[in-house]
Amino acid sequence: MSLTKTSKKERTPRNRTIDLSAEEIEIFRKHLVFEDDLSDFQDKIICGDAFQILKKLPEKSFDLLFADPPYNLTKNFGENSFKQTSLDEYETWLEFWLADCAKLLKKTASVYICGDWRSASAIQRVGMKFFNLRNRITWEREKGRGAKSNWKNSSEDIWFFTVSDDFVFNLDSVKIKRKVLAPYTENGTPKDWKKSADGNFRLTHPSNLWTDLTVPFWSMPENTEHPTQKPEKLLAKIILASTNETDLILDPFSGSGTTAVVAQKLNRKFCGIECDERYCLLTQKRLNLAEKDKTIQGFADGIFYERNTQIKS
């Protein structure tokens, strides 16, 4: 797709997919950083080869690594593509860039690496060479029409590591508000739940099974043309749990910029790396929109709601 042309596809009035005009392309290109000058990398989107850029960033600078690399599948990503390889080759590829990332992290940093069932063992094996394994998050990815001769693939994984045993985890920032189906009382007083005009609710501890996410689609204001875009709500959970305000987050496969956008909305600093210039420009537009609108669908007033449905308390 040419960067000098906008998409001319006819859209319904409710289609809110973010696009770029020719004028916006020229405006947002001026905000990008390129690998020949990395003197100012904080709160920037770097357009270029992550494998080269990671070697040029300062060591022990980042508080969080969020990596959503190409899964071990043959897939096109804009102007680029990834071809499925053997599991051994995929492990070698993971280790190639993760070794450089490890050098950039502070001792107190956390690491989250996305994958699917095909790449799960490779991510665990390679990640444990550099970090301490904490957990594996499985989240429901409800998109897709199903398979004719297999179980529908409706989940993905995120591996959670830390650099050391000294790390941030803000439990109270990521509790989920759930409806109480069987209210329990002691002497007529609600136990661990509260009454409201809309029902009975309690704040629950977050688990490693996430079923409250919606993959961005055409009527959501965060949606872009990127084929594997992660929900803003997913990044909000990770960023709130594993960083504090003004911490610095690294995303070496930035895509359409969800990590950077959510970091900005939550008053964190970021550095995103993406080789496809169009996705970099879409990120810059999203960052521009986020300056005016800091809402995150499914998260409001410090509370995560089930399946992006906010119920007033």
# chains A, B, ... in the order shown; residues from 1 in each chain; ligands from 1

$ select_by_dssp --residues "region 50-204 of chain A" --states "strand (DSSP E)" --output "ChimeraX atom specification"
/A:62-67,75-77,80-82,105-115,132-140,155-162,176-179,185-186,189-190,194-196,199-204

$ closest_atom_pairs --of "region 205-248 of chain A" --to "region 36-46 of chain A" --cutoff "12 Å" --atoms "only C-alpha atoms" --output "tab-separated table"
residue	atom	partner	partner_atom	distance
A:Thr246	CA	A:Asp43	CA	10.6
A:Asp247	CA	A:Gln42	CA	10.6
A:Leu248	CA	A:Gln42	CA	7.8

$ write_last_selection --atoms "C-alpha atoms" --output "tab-separated table (two decimals), in the first residue's frame"
chain	number	residue	atom	x	y	z
A	246	THR	CA	6.92	7.65	34.34
A	247	ASP	CA	8.54	4.19	33.96
A	248	LEU	CA	10.02	3.45	30.53

$ residues_around --residues "region 257-261 of chain A" --least-positions-apart "3" --cutoff "9 Å" --atoms "only C-alpha atoms" --output "number ranges by chain"
A: 43-45, 66, 222, 229-232, 235-236, 239, 249-251, 253-254, 264-266, 268-272, 274, 279-280, 282-284, 286-287, 290

$ residues_around --residues "region 203-205 of chain A" --least-positions-apart "4" --cutoff "7 Å" --atoms "only C-alpha atoms" --output "list in words"
Lys175, Ile176, Lys177 and Arg178 of chain A

$ closest_residue --among "A:Pro252, A:Pro58, A:Pro13, A:Gly302" --to "Asp172 (chain A)" --atoms "only C-alpha atoms"
A:Gly302

$ residues_around --residues "Lys107 (chain A)" --least-positions-apart "4" --cutoff "9 Å" --atoms "only C-alpha atoms" --output "list of chain:residue names"
A:Lys60, A:Asp63, A:Thr162, A:Val163, A:Ser164, A:Asp165, A:Asp166, A:Phe167

$ closest_residue --among "A:Val126, A:Leu94, A:Ile18, A:Ile273" --to "Pro70 (chain A)" --atoms "only C-alpha atoms"
A:Leu94

$ atom_distance --atom1 "CA of Thr138 (chain A)" --atom2 "CA of Glu89 (chain A)"
24.2 Å

$ select_by_dssp --residues "region 245-303 of chain A" --states "alpha helix (DSSP H)" --output "list of chain:residue names"
A:Thr258, A:Thr259, A:Ala260, A:Val261, A:Val262, A:Ala263, A:Gln264, A:Lys265, A:Glu277, A:Arg278, A:Tyr279, A:Cys280, A:Leu281, A:Leu282, A:Thr283, A:Gln284, A:Lys285, A:Arg286, A:Leu287, A:Asn288, A:Leu289, A:Ala290, A:Glu291, A:Lys292

$ closest_residue --among "A:Ser110, A:Asn76, A:Thr85, A:Asn187" --to "Thr243 (chain A)" --atoms "only C-alpha atoms"
A:Ser110

$ residues_around --residues "Asn170 (chain A)" --least-positions-apart "2" --cutoff "7 Å" --atoms "only C-alpha atoms" --output "PyMOL selection string"
chain A and resi 168+172-173+240-242

$ residues_around --residues "Asp116 (chain A)" --least-positions-apart "5" --cutoff "7 Å" --atoms "only C-alpha atoms" --output "compact mmCIF listing (two decimals) with C-alpha atoms, in the first residue's frame"
# COMPACT_ATOMS: atom_id res chain seq x y z
CA TYR A 71 4.26 -16.02 15.74
CA GLU A 156 -3.34 -16.80 22.83
CA ASP A 157 -0.64 -16.77 25.49

$ closest_residue --among "A:Leu105, A:Leu73, A:Leu213, A:Leu281" --to "Leu32 (chain A)" --atoms "only C-alpha atoms"
A:Leu281

$ closest_atom_pairs --of "region 177-286 of chain A" --to "region 143-155 of chain A" --cutoff "10 Å" --atoms "only C-alpha atoms" --output "Markdown table"
| residue | atom | partner | partner_atom | distance |
| --- | --- | --- | --- | --- |
| A:Leu209 | CA | A:Ser155 | CA | 9.9 |
| A:Trp210 | CA | A:Ser155 | CA | 9.5 |
| A:Thr211 | CA | A:Ser155 | CA | 9.4 |
| A:Thr214 | CA | A:Lys143 | CA | 8.5 |
| A:Val215 | CA | A:Lys143 | CA | 7.0 |
| A:Pro216 | CA | A:Lys143 | CA | 9.4 |
| A:Phe217 | CA | A:Lys143 | CA | 9.2 |

$ closest_residue --among "A:Leu65, A:Tyr305, A:Ile296, A:Asn15" --to "Lys179 (chain A)" --atoms "only C-alpha atoms"
A:Tyr305

$ atom_distance --atom1 "CA of Val111 (chain A)" --atom2 "CA of Lys233 (chain A)"
17.6 Å

$ closest_residue --among "A:Phe131, A:Tyr90, A:Phe62, A:Phe299" --to "Phe160 (chain A)" --atoms "only C-alpha atoms"
A:Phe131
